[in-house]
$ cat run_13.cif   # mmCIF, C-alpha atoms
data_my_file
#
loop_
_atom_site.label_atom_id
_atom_site.label_comp_id
_atom_site.auth_asym_id
_atom_site.auth_seq_id
_atom_site.Cartn_x
_atom_site.Cartn_y
_atom_site.Cartn_z
CA MET A 1 -8.29 -29.94 -9.94
CA THR A 2 -5.87 -27.89 -12.07
CA SER A 3 -6.37 -24.26 -13.00
CA THR A 4 -4.99 -22.72 -16.17
CA LEU A 5 -2.39 -19.95 -15.75
CA THR A 6 -2.16 -17.01 -18.14
CA LEU A 7 0.50 -14.30 -17.89
CA GLY A 8 -0.79 -10.84 -18.71
CA GLY A 9 -4.31 -9.60 -19.30
CA VAL A 10 -5.16 -8.99 -15.63
CA THR A 11 -7.79 -6.26 -15.22
CA ALA A 12 -9.32 -4.29 -12.37
CA ASP A 13 -12.40 -6.50 -12.60
CA ASP A 14 -10.22 -9.61 -12.20
CA VAL A 15 -8.61 -8.25 -9.04
CA LYS A 16 -11.93 -7.06 -7.66
CA ALA A 17 -13.54 -10.46 -8.26
CA SER A 18 -10.62 -12.23 -6.56
CA PHE A 19 -10.85 -10.02 -3.46
CA ARG A 20 -14.61 -10.25 -2.86
CA GLY A 21 -15.65 -11.90 0.38
CA GLU A 22 -15.81 -11.47 4.12
CA ILE A 23 -12.43 -9.72 4.38
CA TYR A 24 -12.81 -7.06 1.66
CA GLY A 25 -16.58 -7.03 1.18
CA ALA A 26 -17.49 -6.15 -2.38
CA ALA A 27 -14.00 -4.64 -2.98
CA GLY A 28 -15.73 -1.61 -4.44
CA GLY A 29 -12.65 0.57 -4.14
CA MET A 30 -10.84 -1.46 -6.78
CA THR A 31 -12.04 0.67 -9.66
CA ASP A 32 -10.43 1.15 -13.07
CA ASP A 33 -8.93 4.45 -11.85
CA TRP A 34 -7.51 2.75 -8.74
CA PHE A 35 -6.08 -0.04 -10.89
CA ARG A 36 -4.31 2.31 -13.32
CA ASP A 37 -2.87 4.34 -10.45
CA HIS A 38 -1.81 1.23 -8.55
CA VAL A 39 -0.04 -0.21 -11.58
CA ARG A 40 1.74 3.03 -12.49
CA ARG A 41 2.86 4.04 -9.01
CA ASN A 42 4.02 0.65 -7.83
CA ASP A 43 5.82 -0.63 -10.94
CA VAL A 44 3.36 -3.46 -11.46
CA ASP A 45 4.40 -5.52 -14.50
CA LEU A 46 1.17 -6.53 -16.18
CA THR A 47 3.04 -8.80 -18.61
CA ARG A 48 4.18 -10.91 -15.63
CA SER A 49 1.03 -10.60 -13.55
CA LEU A 50 -0.99 -13.79 -13.32
CA ARG A 51 -4.56 -14.76 -14.15
CA TRP A 52 -6.02 -18.21 -13.48
CA SER A 53 -9.13 -19.84 -14.92
CA LEU A 54 -10.96 -23.09 -14.35
CA ASP A 55 -13.31 -24.46 -16.99
CA GLY A 56 -13.14 -21.07 -18.67
CA ALA A 57 -14.10 -19.07 -15.55
CA LEU A 58 -11.79 -16.70 -13.69
CA CYS A 59 -10.67 -18.34 -10.43
CA GLY A 60 -7.88 -16.04 -9.26
CA ALA A 61 -5.45 -13.24 -10.03
CA ALA A 62 -2.15 -11.81 -8.81
CA LEU A 63 -0.27 -8.60 -9.58
CA LEU A 64 3.53 -8.68 -9.57
CA ALA A 65 5.75 -5.59 -9.37
CA PHE A 66 9.51 -5.35 -9.82
CA ARG A 67 12.22 -2.92 -8.71
CA GLY A 68 15.63 -4.25 -9.57
CA GLU A 69 15.99 -7.72 -8.04
CA ARG A 70 13.07 -7.18 -5.67
CA ALA A 71 9.50 -8.24 -6.42
CA TRP A 72 6.27 -7.28 -4.67
CA VAL A 73 2.84 -8.90 -4.75
CA GLY A 74 0.47 -5.99 -5.31
CA ALA A 75 -2.63 -8.20 -5.15
CA PHE A 76 -3.34 -11.89 -4.70
CA GLY A 77 -6.68 -13.60 -4.41
CA VAL A 78 -8.91 -16.53 -5.30
CA VAL A 79 -12.48 -15.90 -6.47
CA PRO A 80 -14.86 -16.81 -3.59
CA GLU A 81 -16.66 -19.51 -5.56
CA PHE A 82 -13.36 -21.40 -5.97
CA ARG A 83 -11.99 -21.09 -2.44
CA GLY A 84 -11.47 -24.15 -0.28
CA ARG A 85 -10.23 -26.29 -3.19
CA GLY A 86 -6.48 -25.95 -2.59
CA LEU A 87 -5.99 -23.47 -5.42
CA ALA A 88 -4.47 -20.67 -3.35
CA SER A 89 -1.35 -22.64 -2.42
CA ARG A 90 -0.71 -23.63 -6.03
CA HIS A 91 -1.34 -20.12 -7.25
CA LEU A 92 1.07 -18.68 -4.69
CA ASP A 93 3.79 -21.15 -5.71
CA GLU A 94 3.29 -20.16 -9.35
CA THR A 95 3.45 -16.46 -8.47
CA VAL A 96 6.76 -16.92 -6.66
CA ALA A 97 8.06 -19.02 -9.57
CA VAL A 98 7.27 -16.24 -12.06
CA ALA A 99 9.10 -13.73 -9.86
CA ARG A 100 12.12 -16.04 -9.60
CA ASP A 101 12.19 -16.63 -13.36
CA ALA A 102 12.16 -12.85 -13.85
CA GLY A 103 15.35 -12.55 -11.79
CA ALA A 104 13.89 -11.55 -8.41
CA THR A 105 15.89 -12.55 -5.34
CA SER A 106 13.05 -11.73 -2.94
CA VAL A 107 9.28 -11.23 -2.97
CA GLU A 108 7.45 -8.92 -0.55
CA LEU A 109 3.79 -8.47 0.28
CA GLU A 110 1.39 -7.06 2.88
CA VAL A 111 -1.63 -8.84 4.34
CA LEU A 112 -4.32 -7.62 6.74
CA SER A 113 -3.60 -8.81 10.28
CA HIS A 114 -7.12 -10.22 10.73
CA ASN A 115 -6.85 -12.27 7.51
CA SER A 116 -5.53 -15.30 9.38
CA ALA A 117 -6.17 -17.72 6.52
CA ALA A 118 -4.02 -15.68 4.14
CA ILE A 119 -1.26 -15.31 6.72
CA ARG A 120 -1.15 -19.08 7.20
CA LEU A 121 -1.04 -19.53 3.42
CA TYR A 122 1.95 -17.23 3.07
CA GLU A 123 3.74 -18.86 6.01
CA ARG A 124 3.28 -22.29 4.45
CA GLY A 125 4.57 -20.83 1.19
CA GLY A 126 7.85 -19.82 2.82
CA PHE A 127 7.18 -16.16 3.65
CA SER A 128 8.54 -14.78 6.94
CA HIS A 129 7.24 -11.84 8.97
CA LEU A 130 9.01 -8.47 8.74
CA GLY A 131 6.74 -6.61 11.17
CA GLU A 132 3.42 -4.80 11.38
CA ILE A 133 2.27 -1.57 9.77
CA VAL A 134 -0.81 0.47 10.62
CA VAL A 135 -3.36 2.33 8.47
CA TRP A 136 -4.59 5.51 10.17
CA SER A 137 -7.55 7.77 9.36
CA ARG A 138 -8.76 11.17 10.52
CA ALA A 139 -12.25 12.52 9.94
CA PRO A 140 -12.76 16.10 8.69
CA ALA A 141 -12.20 18.57 11.53
CA GLY A 142 -14.35 21.36 10.16
CA ARG A 143 -14.50 23.94 7.39
CA ARG A 144 -11.22 25.02 5.84
CA SER A 145 -9.87 28.50 6.57
CA PRO A 146 -7.66 29.83 3.73
CA ALA A 147 -5.56 31.71 6.29
CA LYS A 148 -4.57 28.42 7.92
CA ARG A 149 -3.37 26.73 4.75
CA ALA A 150 0.19 25.56 5.35
CA ALA A 151 1.07 23.36 2.37
CA ALA A 152 3.55 24.08 -0.39
CA ALA A 153 3.33 22.50 -3.81
CA VAL A 154 6.38 20.63 -5.10
CA ASP A 155 7.31 19.01 -8.37
CA GLY A 156 6.35 15.44 -7.58
CA ASN A 157 8.23 14.23 -10.63
CA ASP A 158 11.51 15.23 -8.96
CA LEU A 159 12.56 11.88 -7.52
CA ALA A 160 15.71 13.37 -6.04
CA ALA A 161 13.72 15.95 -4.06
CA VAL A 162 11.39 13.28 -2.70
CA THR A 163 14.31 11.01 -1.83
CA ALA A 164 16.11 13.81 0.02
CA LEU A 165 13.16 14.21 2.41
CA ALA A 166 11.94 10.63 2.74
CA ARG A 167 12.96 8.31 5.56
CA THR A 168 15.45 5.52 4.94
CA PRO A 169 14.56 2.73 4.74
CA SER A 170 10.99 3.24 3.59
CA THR A 171 8.25 1.62 5.64
CA CYS A 172 7.00 -0.48 2.71
CA TRP A 173 6.96 -0.78 -1.08
CA GLN A 174 4.13 1.74 -1.62
CA ARG A 175 5.91 4.46 0.37
CA GLU A 176 9.25 4.26 -1.41
CA PRO A 177 10.29 7.56 -3.09
CA ARG A 178 9.88 6.08 -6.58
CA GLY A 179 6.18 5.42 -5.96
CA VAL A 180 5.61 8.72 -4.18
CA ALA A 181 7.18 10.73 -7.01
CA ALA A 182 4.97 8.89 -9.51
CA ALA A 183 1.87 10.11 -7.63
CA ALA A 184 2.30 13.75 -8.70
CA PRO A 185 0.76 16.22 -8.27
CA PHE A 186 0.90 16.36 -4.48
CA GLU A 187 1.79 18.78 -1.72
CA THR A 188 4.63 18.71 0.78
CA LEU A 189 4.46 19.81 4.41
CA VAL A 190 7.59 20.17 6.52
CA SER A 191 8.30 20.89 10.17
CA GLY A 192 11.56 22.59 11.15
CA ALA A 193 14.07 24.56 9.13
CA ALA A 194 13.50 24.43 5.37
CA GLU A 195 17.11 23.42 4.73
CA ALA A 196 16.95 20.59 7.27
CA PRO A 197 13.33 19.58 8.02
CA ARG A 198 12.75 17.39 11.07
CA ALA A 199 9.39 16.11 9.79
CA TYR A 200 7.68 15.88 6.42
CA ALA A 201 4.50 14.68 4.72
CA PHE A 202 3.67 14.16 1.05
CA VAL A 203 -0.09 14.61 0.64
CA ARG A 204 -2.24 13.98 -2.43
CA ARG A 205 -5.78 15.27 -2.67
CA ARG A 206 -7.92 12.55 -4.21
CA ARG A 207 -11.25 14.38 -4.11
CA THR A 208 -12.49 17.61 -2.60
CA SER A 209 -13.27 15.76 0.61
CA GLU A 210 -10.38 13.27 0.78
CA ALA A 211 -6.59 13.38 0.96
CA THR A 212 -3.96 10.66 1.33
CA LEU A 213 -0.58 10.85 3.03
CA LEU A 214 1.67 9.19 0.48
CA ASP A 215 4.52 9.15 2.99
CA ALA A 216 5.50 10.98 6.18
CA GLY A 217 8.14 10.86 8.85
CA ALA A 218 9.43 12.68 11.94
CA SER A 219 12.73 12.60 13.81
CA ASP A 220 11.42 13.44 17.29
CA PRO A 221 8.13 13.83 19.24
CA ALA A 222 7.98 17.65 19.01
CA SER A 223 8.44 17.58 15.23
CA ALA A 224 5.85 14.81 14.86
CA ASN A 225 3.27 16.86 16.77
CA ALA A 226 4.13 19.98 14.78
CA LEU A 227 3.57 18.04 11.58
CA LEU A 228 0.17 16.76 12.74
CA ASP A 229 -0.78 20.34 13.69
CA ALA A 230 0.15 21.47 10.17
CA LEU A 231 -1.93 18.67 8.66
CA ASP A 232 -4.91 19.63 10.82
CA ALA A 233 -4.56 23.27 9.79
CA THR A 234 -4.17 22.52 6.08
CA TYR A 235 -6.62 19.66 5.59
CA VAL A 236 -9.42 20.74 7.90
CA ALA A 237 -12.27 19.74 5.61
CA GLU A 238 -10.81 16.50 4.24
CA THR A 239 -10.81 12.94 5.49
CA LEU A 240 -7.15 11.99 5.82
CA MET A 241 -5.81 8.48 5.22
CA PHE A 242 -2.28 7.49 6.20
CA VAL A 243 -1.24 4.04 5.07
CA ASN A 244 1.34 1.66 6.54
CA GLU A 245 3.10 3.41 9.43
CA PRO A 246 5.10 1.12 11.77
CA PRO A 247 3.59 0.83 15.28
CA HIS A 248 6.56 2.53 16.95
CA GLY A 249 8.50 5.77 16.70
CA PRO A 250 7.70 9.49 17.11
CA LEU A 251 5.04 9.73 14.41
CA HIS A 252 3.16 6.63 15.55
CA ASP A 253 3.22 7.81 19.16
CA ALA A 254 1.90 11.25 18.17
CA LEU A 255 -0.92 9.68 16.12
CA LEU A 256 -1.82 7.34 18.96
CA ALA A 257 -2.09 10.24 21.42
CA ARG A 258 -4.57 12.20 19.28
CA GLU A 259 -8.27 11.49 19.60
CA SER A 260 -8.87 12.74 16.07
CA TRP A 261 -6.80 9.90 14.55
CA ARG A 262 -7.84 6.26 14.76
CA GLU A 263 -6.35 2.97 13.69
CA PHE A 264 -8.26 1.95 10.58
CA ALA A 265 -6.46 -1.32 9.83
CA ARG A 266 -3.28 -3.23 10.56
CA GLN A 267 -1.15 -5.29 8.20
CA HIS A 268 1.72 -7.77 8.34
CA ARG A 269 4.71 -7.21 6.08
CA MET A 270 6.06 -10.51 4.77
CA ARG A 271 8.90 -11.59 2.51
CA ILE A 272 10.40 -14.71 0.98
CA ASP A 273 14.10 -14.92 0.08
CA LEU A 274 14.69 -16.60 -3.30
CA ARG A 275 18.48 -16.70 -3.19
#

$ encode --input "run_13.cif" --output "structure tokens"
Amino acid sequence: MTSTLTLGGVTADDVKASFRGEIYGAAGGMTDDWFRDHVRRNDVDLTRSLRWSLDGALCGAALLAFRGERAWVGAFGVVPEFRGRGLASRHLDETVAVARDAGATSVELEVLSHNSAAIRLYERGGFSHLGEIVVWSRAPAGRRSPAKRAAAAVDGNDLAAVTALARTPSTCWQREPRGVAAAAPFETLVSGAAEAPRAYAFVRRRRTSEATLLDAGASDPASANALLDALDATYVAETLMFVNEPPHGPLHDALLARESWREFARQHRMRIDLR
């Protein structure tokens, strides 16, 4: 059984259809707005992203992003009706081949830790494990008090300003300064002296009741706790989501110690070297 590969033309509906199933449910969060934001922020190259069909029906899709000689798989999936036919392995090989032909010397991706089938697929495809990263969430703590607001707006288009604060190396592709800066407008919180902050967070309000930490970091336990206090004071009424923090270090330990924060999901970072 051979599927037909097309480069370009991948849509939000294609990605959503390829992710449906027991792991992602109906993949309802993969809306047109999410897709446009995902493509723009993460340097997804739609001309090199892949769409597969079988007998004229969509059977899978993959998004490929590029930064210099590095590539990243921003989505990869087989439509549920076509799973179990050996297509995923072939599709993954073709995805890596497209990245190599584009000049990439490595390809990165993230996969949910409980998606054992996908992890085995990537391992068979030559990907190695780089470590785990954790998605955290915090429910609204109450009604916001204007007097407790502690955030300062910054020019999110200033890549240099974002880079100066951000940790090095970044925890993953989505939290690199280039992607954070592209998410403007957002707010910046810092802990410590303004000229030399010991902790920071870039926060984007998605809706009146939700906010996302685009990136954050802390150099020591006291600064990590001060940053979480500032987040609690500033985003009292919002649900907070914090994506892809390594399960070690001052910020992770501070999150783990707080009852208000919970582990929402865990992912494996994986990479294949093409050199």

$ closest_residue --input "run_13.cif" --among "A:Leu255, A:Leu87, A:Ala102, A:Leu112" --to "Tyr24 (chain A)" --atoms "all atoms listed in the file"
A:Leu112

$ closest_residue --input "run_13.cif" --among "A:Leu256, A:Ala161, A:Ala196, A:Met241" --to "Ala224 (chain A)" --atoms "all atoms listed in the file"
A:Leu256

$ atom_distance --input "run_13.cif" --atom1 "CA of Ser260 (chain A)" --atom2 "CA of Ala226 (chain A)"
14.9 Å

$ resolve_selection --input "run_13.cif" --expression "the PyMOL selection byres ((chain A and resi 65-68) around 8)" --output "ChimeraX atom specification"
/A:42-45,63-64,69-74,104

$ closest_residue --input "run_13.cif" --among "A:Ala183, A:Val134, A:Leu240, A:Ala257" --to "Val162 (chain A)" --atoms "all atoms listed in the file"
A:Ala183

$ atom_distance --input "run_13.cif" --atom1 "CA of Thr168 (chain A)" --atom2 "CA of Gly131 (chain A)"
16.2 Å

$ closest_residue --input "run_13.cif" --among "A:Ser49, A:Ser106, A:Ser89, A:Asp14" --to "Arg120 (chain A)" --atoms "only C-alpha atoms"
A:Ser89

$ atom_distance --input "run_13.cif" --atom1 "CA of Asp37 (chain A)" --atom2 "CA of Arg51 (chain A)"
19.5 Å

$ build_atoms --input "run_13.cif" --residues "region 239-270 of chain A" --atoms "N, CA and C atoms" --output "PDB file, in the frame of the given file"
ATOM      1  N   THR A 239     -11.159  14.179   4.808  1.00  0.00           N
ATOM      2  CA  THR A 239     -10.810  12.940   5.490  1.00  0.00           C
ATOM      3  C   THR A 239      -9.381  12.602   5.100  1.00  0.00           C
ATOM      4  N   LEU A 240      -8.543  12.327   6.090  1.00  0.00           N
ATOM      5  CA  LEU A 240      -7.150  11.990   5.820  1.00  0.00           C
ATOM      6  C   LEU A 240      -6.927  10.498   6.033  1.00  0.00           C
ATOM      7  N   MET A 241      -6.216   9.871   5.093  1.00  0.00           N
ATOM      8  CA  MET A 241      -5.810   8.480   5.220  1.00  0.00           C
ATOM      9  C   MET A 241      -4.292   8.417   5.184  1.00  0.00           C
ATOM     10  N   PHE A 242      -3.732   7.648   6.104  1.00  0.00           N
ATOM     11  CA  PHE A 242      -2.280   7.490   6.200  1.00  0.00           C
ATOM     12  C   PHE A 242      -1.991   5.998   6.285  1.00  0.00           C
ATOM     13  N   VAL A 243      -1.361   5.490   5.235  1.00  0.00           N
ATOM     14  CA  VAL A 243      -1.240   4.040   5.070  1.00  0.00           C
ATOM     15  C   VAL A 243       0.155   3.554   5.480  1.00  0.00           C
ATOM     16  N   ASN A 244       0.158   2.479   6.300  1.00  0.00           N
ATOM     17  CA  ASN A 244       1.340   1.660   6.540  1.00  0.00           C
ATOM     18  C   ASN A 244       2.458   2.365   7.306  1.00  0.00           C
ATOM     19  N   GLU A 245       2.113   2.846   8.503  1.00  0.00           N
ATOM     20  CA  GLU A 245       3.100   3.410   9.430  1.00  0.00           C
ATOM     21  C   GLU A 245       3.438   2.345  10.480  1.00  0.00           C
ATOM     22  N   PRO A 246       4.731   2.101  10.734  1.00  0.00           N
ATOM     23  CA  PRO A 246       5.100   1.120  11.770  1.00  0.00           C
ATOM     24  C   PRO A 246       4.554   1.513  13.139  1.00  0.00           C
ATOM     25  N   PRO A 247       4.193   0.535  13.975  1.00  0.00           N
ATOM     26  CA  PRO A 247       3.590   0.830  15.280  1.00  0.00           C
ATOM     27  C   PRO A 247       4.629   1.171  16.350  1.00  0.00           C
ATOM     28  N   HIS A 248       5.545   2.059  16.003  1.00  0.00           N
ATOM     29  CA  HIS A 248       6.560   2.530  16.950  1.00  0.00           C
ATOM     30  C   HIS A 248       7.195   3.787  16.351  1.00  0.00           C
ATOM     31  N   GLY A 249       7.827   4.583  17.178  1.00  0.00           N
ATOM     32  CA  GLY A 249       8.500   5.770  16.700  1.00  0.00           C
ATOM     33  C   GLY A 249       7.711   7.041  16.979  1.00  0.00           C
ATOM     34  N   PRO A 250       8.324   8.210  16.766  1.00  0.00           N
ATOM     35  CA  PRO A 250       7.700   9.490  17.110  1.00  0.00           C
ATOM     36  C   PRO A 250       6.367   9.751  16.428  1.00  0.00           C
ATOM     37  N   LEU A 251       6.279   9.430  15.135  1.00  0.00           N
ATOM     38  CA  LEU A 251       5.040   9.730  14.410  1.00  0.00           C
ATOM     39  C   LEU A 251       3.916   8.818  14.876  1.00  0.00           C
ATOM     40  N   HIS A 252       4.192   7.539  15.049  1.00  0.00           N
ATOM     41  CA  HIS A 252       3.160   6.630  15.550  1.00  0.00           C
ATOM     42  C   HIS A 252       2.679   7.069  16.930  1.00  0.00           C
ATOM     43  N   ASP A 253       3.602   7.424  17.803  1.00  0.00           N
ATOM     44  CA  ASP A 253       3.220   7.810  19.160  1.00  0.00           C
ATOM     45  C   ASP A 253       2.359   9.075  19.155  1.00  0.00           C
ATOM     46  N   ALA A 254       2.690  10.021  18.261  1.00  0.00           N
ATOM     47  CA  ALA A 254       1.900  11.250  18.170  1.00  0.00           C
ATOM     48  C   ALA A 254       0.501  10.958  17.635  1.00  0.00           C
ATOM     49  N   LEU A 255       0.392  10.072  16.650  1.00  0.00           N
ATOM     50  CA  LEU A 255      -0.920   9.680  16.120  1.00  0.00           C
ATOM     51  C   LEU A 255      -1.748   8.991  17.190  1.00  0.00           C
ATOM     52  N   LEU A 256      -1.119   8.108  17.930  1.00  0.00           N
ATOM     53  CA  LEU A 256      -1.820   7.340  18.960  1.00  0.00           C
ATOM     54  C   LEU A 256      -2.370   8.245  20.055  1.00  0.00           C
ATOM     55  N   ALA A 257      -1.686   9.349  20.325  1.00  0.00           N
ATOM     56  CA  ALA A 257      -2.090  10.240  21.420  1.00  0.00           C
ATOM     57  C   ALA A 257      -3.219  11.182  21.026  1.00  0.00           C
ATOM     58  N   ARG A 258      -3.560  11.248  19.751  1.00  0.00           N
ATOM     59  CA  ARG A 258      -4.570  12.200  19.280  1.00  0.00           C
ATOM     60  C   ARG A 258      -5.920  11.520  19.106  1.00  0.00           C
ATOM     61  N   GLU A 259      -6.932  12.065  19.711  1.00  0.00           N
ATOM     62  CA  GLU A 259      -8.270  11.490  19.600  1.00  0.00           C
ATOM     63  C   GLU A 259      -8.820  11.585  18.190  1.00  0.00           C
ATOM     64  N   SER A 260      -8.339  12.545  17.424  1.00  0.00           N
ATOM     65  CA  SER A 260      -8.870  12.740  16.070  1.00  0.00           C
ATOM     66  C   SER A 260      -8.409  11.654  15.102  1.00  0.00           C
ATOM     67  N   TRP A 261      -7.299  10.974  15.407  1.00  0.00           N
ATOM     68  CA  TRP A 261      -6.800   9.900  14.550  1.00  0.00           C
ATOM     69  C   TRP A 261      -7.174   8.553  15.144  1.00  0.00           C
ATOM     70  N   ARG A 262      -7.514   7.602  14.278  1.00  0.00           N
ATOM     71  CA  ARG A 262      -7.840   6.260  14.760  1.00  0.00           C
ATOM     72  C   ARG A 262      -7.184   5.215  13.870  1.00  0.00           C
ATOM     73  N   GLU A 263      -6.900   4.079  14.454  1.00  0.00           N
ATOM     74  CA  GLU A 263      -6.350   2.970  13.690  1.00  0.00           C
ATOM     75  C   GLU A 263      -7.464   2.382  12.829  1.00  0.00           C
ATOM     76  N   PHE A 264      -7.261   2.424  11.525  1.00  0.00           N
ATOM     77  CA  PHE A 264      -8.260   1.950  10.580  1.00  0.00           C
ATOM     78  C   PHE A 264      -8.049   0.473  10.251  1.00  0.00           C
ATOM     79  N   ALA A 265      -6.793   0.073  10.138  1.00  0.00           N
ATOM     80  CA  ALA A 265      -6.460  -1.320   9.830  1.00  0.00           C
ATOM     81  C   ALA A 265      -5.005  -1.555  10.187  1.00  0.00           C
ATOM     82  N   ARG A 266      -4.653  -2.847  10.250  1.00  0.00           N
ATOM     83  CA  ARG A 266      -3.280  -3.230  10.560  1.00  0.00           C
ATOM     84  C   ARG A 266      -2.876  -4.349   9.610  1.00  0.00           C
ATOM     85  N   GLN A 267      -1.627  -4.290   9.143  1.00  0.00           N
ATOM     86  CA  GLN A 267      -1.150  -5.290   8.200  1.00  0.00           C
ATOM     87  C   GLN A 267       0.157  -5.905   8.664  1.00  0.00           C
ATOM     88  N   HIS A 268       0.417  -7.123   8.172  1.00  0.00           N
ATOM     89  CA  HIS A 268       1.720  -7.770   8.340  1.00  0.00           C
ATOM     90  C   HIS A 268       2.518  -7.573   7.063  1.00  0.00           C
ATOM     91  N   ARG A 269       3.770  -7.180   7.214  1.00  0.00           N
ATOM     92  CA  ARG A 269       4.710  -7.210   6.080  1.00  0.00           C
ATOM     93  C   ARG A 269       5.371  -8.570   6.086  1.00  0.00           C
ATOM     94  N   MET A 270       5.469  -9.172   4.887  1.00  0.00           N
ATOM     95  CA  MET A 270       6.060 -10.510   4.770  1.00  0.00           C
ATOM     96  C   MET A 270       6.977 -10.550   3.554  1.00  0.00           C
TER      97      MET A 270
END
